[in-house]
$ cat run-v1.cif   # mmCIF, N, CA, C and O atoms
data_work
loop_
_atom_site.label_atom_id
_atom_site.label_comp_id
_atom_site.auth_asym_id
_atom_site.auth_seq_id
_atom_site.Cartn_x
_atom_site.Cartn_y
_atom_site.Cartn_z
N MET A 1 53.95 69.33 -12.59
CA MET A 1 53.62 68.16 -11.83
C MET A 1 54.91 67.61 -11.22
O MET A 1 55.84 67.26 -11.94
N LYS A 2 54.96 67.55 -9.92
CA LYS A 2 56.13 67.03 -9.22
C LYS A 2 55.97 65.52 -9.04
O LYS A 2 54.93 65.05 -8.59
N THR A 3 56.99 64.76 -9.42
CA THR A 3 56.93 63.31 -9.30
C THR A 3 58.19 62.79 -8.63
O THR A 3 59.21 63.47 -8.57
N CYS A 4 58.10 61.55 -8.15
CA CYS A 4 59.22 60.93 -7.46
C CYS A 4 60.10 60.14 -8.44
O CYS A 4 59.79 60.01 -9.62
N ASP A 5 61.19 59.59 -7.92
CA ASP A 5 62.11 58.82 -8.74
C ASP A 5 61.47 57.53 -9.24
O ASP A 5 61.78 57.06 -10.33
N ARG A 6 60.61 56.95 -8.45
CA ARG A 6 59.94 55.71 -8.84
C ARG A 6 59.07 55.94 -10.07
O ARG A 6 59.00 55.11 -10.97
N PHE A 7 58.39 57.08 -10.13
CA PHE A 7 57.56 57.45 -11.28
C PHE A 7 58.42 57.49 -12.53
O PHE A 7 58.06 56.93 -13.57
N ALA A 8 59.57 58.15 -12.43
CA ALA A 8 60.47 58.25 -13.58
C ALA A 8 60.99 56.88 -14.00
O ALA A 8 61.13 56.60 -15.20
N SER A 9 61.25 56.02 -13.03
CA SER A 9 61.73 54.68 -13.33
C SER A 9 60.68 53.85 -14.06
O SER A 9 60.98 53.17 -15.04
N ILE A 10 59.45 53.93 -13.59
CA ILE A 10 58.35 53.21 -14.25
C ILE A 10 58.18 53.71 -15.67
O ILE A 10 58.08 52.94 -16.63
N LYS A 11 58.17 55.03 -15.83
CA LYS A 11 57.97 55.64 -17.14
C LYS A 11 59.09 55.26 -18.12
O LYS A 11 58.82 54.91 -19.27
N SER A 12 60.33 55.32 -17.67
CA SER A 12 61.44 55.02 -18.57
C SER A 12 61.43 53.55 -19.01
O SER A 12 61.75 53.24 -20.15
N GLY A 13 61.03 52.66 -18.12
CA GLY A 13 60.95 51.25 -18.48
C GLY A 13 59.92 51.00 -19.56
O GLY A 13 60.17 50.28 -20.54
N PHE A 14 58.74 51.60 -19.40
CA PHE A 14 57.70 51.45 -20.41
C PHE A 14 58.11 52.11 -21.72
O PHE A 14 57.86 51.55 -22.80
N GLU A 15 58.71 53.28 -21.67
CA GLU A 15 59.12 53.97 -22.89
C GLU A 15 60.16 53.17 -23.65
O GLU A 15 60.17 53.16 -24.89
N GLN A 16 61.04 52.49 -22.94
CA GLN A 16 62.05 51.65 -23.59
C GLN A 16 61.36 50.51 -24.34
O GLN A 16 61.72 50.21 -25.49
N ASP A 17 60.38 49.87 -23.72
CA ASP A 17 59.65 48.79 -24.38
C ASP A 17 58.89 49.29 -25.61
O ASP A 17 58.89 48.65 -26.66
N ILE A 18 58.25 50.45 -25.49
CA ILE A 18 57.50 51.02 -26.61
C ILE A 18 58.44 51.35 -27.76
O ILE A 18 58.14 51.05 -28.92
N ARG A 19 59.57 51.94 -27.45
CA ARG A 19 60.55 52.29 -28.48
C ARG A 19 61.05 51.04 -29.21
O ARG A 19 61.13 51.01 -30.44
N PHE A 20 61.33 49.98 -28.47
CA PHE A 20 61.78 48.72 -29.07
C PHE A 20 60.73 48.15 -30.01
O PHE A 20 61.03 47.74 -31.14
N LEU A 21 59.47 48.13 -29.57
CA LEU A 21 58.40 47.58 -30.39
C LEU A 21 58.17 48.41 -31.65
O LEU A 21 57.95 47.86 -32.74
N ARG A 22 58.21 49.72 -31.52
CA ARG A 22 58.01 50.58 -32.70
C ARG A 22 59.15 50.47 -33.69
O ARG A 22 58.93 50.47 -34.91
N GLU A 23 60.38 50.36 -33.20
CA GLU A 23 61.52 50.21 -34.09
C GLU A 23 61.45 48.87 -34.82
O GLU A 23 61.79 48.80 -36.01
N HIS A 24 61.01 47.84 -34.14
CA HIS A 24 60.84 46.54 -34.78
C HIS A 24 59.80 46.63 -35.89
O HIS A 24 59.98 46.08 -36.99
N ALA A 25 58.70 47.33 -35.62
CA ALA A 25 57.65 47.49 -36.62
C ALA A 25 58.16 48.26 -37.83
O ALA A 25 57.80 47.95 -38.97
N GLU A 26 58.99 49.26 -37.61
CA GLU A 26 59.55 50.04 -38.73
C GLU A 26 60.53 49.21 -39.56
O GLU A 26 60.54 49.31 -40.78
N ARG A 27 61.35 48.41 -38.88
CA ARG A 27 62.33 47.59 -39.60
C ARG A 27 61.68 46.55 -40.48
O ARG A 27 62.18 46.22 -41.55
N HIS A 28 60.57 46.00 -40.02
CA HIS A 28 59.91 44.91 -40.74
C HIS A 28 58.56 45.35 -41.29
O HIS A 28 57.59 44.59 -41.25
N ALA A 29 58.50 46.56 -41.80
CA ALA A 29 57.24 47.14 -42.29
C ALA A 29 56.56 46.22 -43.30
O ALA A 29 57.21 45.66 -44.18
N GLY A 30 55.25 46.08 -43.13
CA GLY A 30 54.47 45.28 -44.06
C GLY A 30 54.28 43.83 -43.65
O GLY A 30 53.37 43.17 -44.13
N SER A 31 55.13 43.33 -42.78
CA SER A 31 55.01 41.93 -42.37
C SER A 31 53.99 41.79 -41.24
O SER A 31 53.62 42.76 -40.58
N SER A 32 53.55 40.58 -41.02
CA SER A 32 52.59 40.35 -39.94
C SER A 32 53.24 40.58 -38.58
O SER A 32 52.57 41.02 -37.64
N ALA A 33 54.53 40.31 -38.47
CA ALA A 33 55.24 40.56 -37.21
C ALA A 33 55.28 42.05 -36.89
O ALA A 33 55.17 42.45 -35.73
N ALA A 34 55.43 42.86 -37.92
CA ALA A 34 55.45 44.31 -37.71
C ALA A 34 54.10 44.82 -37.26
O ALA A 34 54.01 45.67 -36.38
N LYS A 35 53.05 44.28 -37.84
CA LYS A 35 51.71 44.70 -37.45
C LYS A 35 51.41 44.30 -36.01
O LYS A 35 50.83 45.07 -35.24
N ALA A 36 51.83 43.11 -35.63
CA ALA A 36 51.63 42.65 -34.26
C ALA A 36 52.44 43.51 -33.30
O ALA A 36 51.97 43.87 -32.22
N SER A 37 53.65 43.84 -33.69
CA SER A 37 54.51 44.67 -32.85
C SER A 37 53.91 46.05 -32.65
O SER A 37 53.95 46.60 -31.54
N ALA A 38 53.33 46.62 -33.68
CA ALA A 38 52.69 47.93 -33.58
C ALA A 38 51.49 47.87 -32.64
O ALA A 38 51.27 48.78 -31.84
N ARG A 39 50.71 46.79 -32.72
CA ARG A 39 49.57 46.62 -31.82
C ARG A 39 50.04 46.46 -30.38
O ARG A 39 49.44 47.02 -29.46
N HIS A 40 51.10 45.70 -30.19
CA HIS A 40 51.63 45.52 -28.84
C HIS A 40 52.15 46.84 -28.27
O HIS A 40 52.01 47.10 -27.07
N ALA A 41 52.74 47.67 -29.12
CA ALA A 41 53.23 48.98 -28.67
C ALA A 41 52.07 49.84 -28.16
O ALA A 41 52.21 50.52 -27.14
N LEU A 42 50.93 49.79 -28.84
CA LEU A 42 49.76 50.53 -28.37
C LEU A 42 49.28 49.99 -27.03
O LEU A 42 48.91 50.76 -26.14
N GLY A 43 49.28 48.68 -26.89
CA GLY A 43 48.86 48.07 -25.63
C GLY A 43 49.78 48.45 -24.49
O GLY A 43 49.33 48.74 -23.37
N VAL A 44 51.07 48.46 -24.76
CA VAL A 44 52.05 48.83 -23.73
C VAL A 44 51.87 50.30 -23.35
O VAL A 44 52.00 50.67 -22.18
N LYS A 45 51.54 51.13 -24.32
CA LYS A 45 51.32 52.56 -24.04
C LYS A 45 50.12 52.74 -23.10
O LYS A 45 50.17 53.54 -22.17
N HIS A 46 49.05 51.97 -23.33
CA HIS A 46 47.89 52.04 -22.45
C HIS A 46 48.23 51.51 -21.06
O HIS A 46 47.79 52.08 -20.05
N ASN A 47 49.02 50.45 -21.01
CA ASN A 47 49.44 49.91 -19.72
C ASN A 47 50.30 50.91 -18.96
O ASN A 47 50.20 51.01 -17.73
N MET A 48 51.16 51.64 -19.68
CA MET A 48 51.99 52.65 -19.04
C MET A 48 51.12 53.73 -18.43
O MET A 48 51.34 54.14 -17.28
N ALA A 49 50.13 54.20 -19.17
CA ALA A 49 49.24 55.24 -18.65
C ALA A 49 48.52 54.75 -17.40
O ALA A 49 48.40 55.49 -16.41
N ARG A 50 48.07 53.51 -17.43
CA ARG A 50 47.37 52.94 -16.29
C ARG A 50 48.30 52.83 -15.07
O ARG A 50 47.93 53.19 -13.95
N ALA A 51 49.52 52.34 -15.30
CA ALA A 51 50.47 52.16 -14.20
C ALA A 51 50.89 53.50 -13.61
O ALA A 51 50.99 53.64 -12.39
N LEU A 52 51.14 54.50 -14.46
CA LEU A 52 51.55 55.80 -13.96
C LEU A 52 50.43 56.49 -13.20
O LEU A 52 50.65 57.13 -12.17
N SER A 53 49.21 56.35 -13.69
CA SER A 53 48.06 56.93 -13.00
C SER A 53 47.88 56.28 -11.64
O SER A 53 47.65 56.97 -10.63
N ARG A 54 47.97 54.96 -11.60
CA ARG A 54 47.84 54.23 -10.34
C ARG A 54 48.93 54.66 -9.36
O ARG A 54 48.67 54.90 -8.18
N HIS A 55 50.16 54.77 -9.85
CA HIS A 55 51.26 55.19 -8.98
C HIS A 55 51.04 56.61 -8.45
O HIS A 55 51.22 56.86 -7.26
N TYR A 56 50.65 57.50 -9.34
CA TYR A 56 50.49 58.90 -8.96
C TYR A 56 49.42 59.08 -7.87
O TYR A 56 49.60 59.88 -6.96
N THR A 57 48.34 58.33 -7.97
CA THR A 57 47.28 58.48 -6.97
C THR A 57 47.65 57.87 -5.63
O THR A 57 47.16 58.31 -4.60
N ARG A 58 48.53 56.88 -5.63
CA ARG A 58 48.88 56.19 -4.38
C ARG A 58 50.15 56.67 -3.73
O ARG A 58 50.36 56.42 -2.53
N CYS A 59 51.01 57.34 -4.47
CA CYS A 59 52.32 57.76 -3.95
C CYS A 59 52.19 59.03 -3.13
O CYS A 59 51.60 60.02 -3.59
N ARG A 60 52.75 59.03 -1.96
CA ARG A 60 52.69 60.21 -1.09
C ARG A 60 53.58 61.33 -1.61
O ARG A 60 53.28 62.51 -1.40
N LEU A 61 54.68 61.00 -2.26
CA LEU A 61 55.58 62.02 -2.76
C LEU A 61 55.05 62.71 -4.02
O LEU A 61 55.29 63.88 -4.25
N CYS A 62 54.34 61.95 -4.86
CA CYS A 62 53.82 62.50 -6.10
C CYS A 62 52.57 63.35 -5.90
O CYS A 62 52.34 64.31 -6.62
N SER A 63 51.71 62.96 -4.99
CA SER A 63 50.43 63.63 -4.81
C SER A 63 50.54 64.98 -4.16
O SER A 63 51.35 65.37 -3.48
#
$ encode --input "run-v1.cif" --output "structure tokens"
Amino acid sequence: MKTCDRFASIKSGFEQDIRFLREHAERHAGSSAAKASARHALGVKHNMARALSRHYTRCRLCS
């Protein structure tokens, strides 16, 4: 799959957020903040998939 630089930029931004949230959940395992952080990481992952799909269908360079 050939993608443009914007696709990679969007993906890296979301992956950075997901990594931060997961690391926070691991550091504070068992706490309510960790559980919330893990849930937010899943939400961000779904948002990333939605954003990348939307970009891929609309971008002339990616399609």
$ closest_residue --input "run-v1.cif" --among "A:Ala41, A:Glu26, A:Ala51, A:Ala33" --to "Lys11 (chain A)" --atoms "all atoms listed in the file"
A:Ala51
$ atom_distance --input "run-v1.cif" --atom1 "atom N of Arg27 (chain A)" --atom2 "CA of Ser12 (chain A)"
21.4 Å
$ resolve_selection --input "run-v1.cif" --expression "the PyMOL selection byres (((chain A and resi 35-39 and name CA) around 12) and name CA)" --output "ChimeraX atom specification"
/A:17-34,40-46
$ select_by_dssp --input "run-v1.cif" --residues "chain A" --states "alpha helix (DSSP H)" --output "PyMOL selection string"
chain A and resi 5-27+32-58
$ atom_distance --input "run-v1.cif" --atom1 "CA of Lys2 (chain A)" --atom2 "CA of Gln16 (chain A)"
21.9 Å
$ atom_distance --input "run-v1.cif" --atom1 "atom N of Cys59 (chain A)" --atom2 "atom C of Cys4 (chain A)"
10.3 Å
$ closest_residue --input "run-v1.cif" --among "A:Asn47, A:Arg54, A:Leu61, A:Glu15" --to "Thr3 (chain A)" --atoms "all atoms listed in the file"
A:Leu61
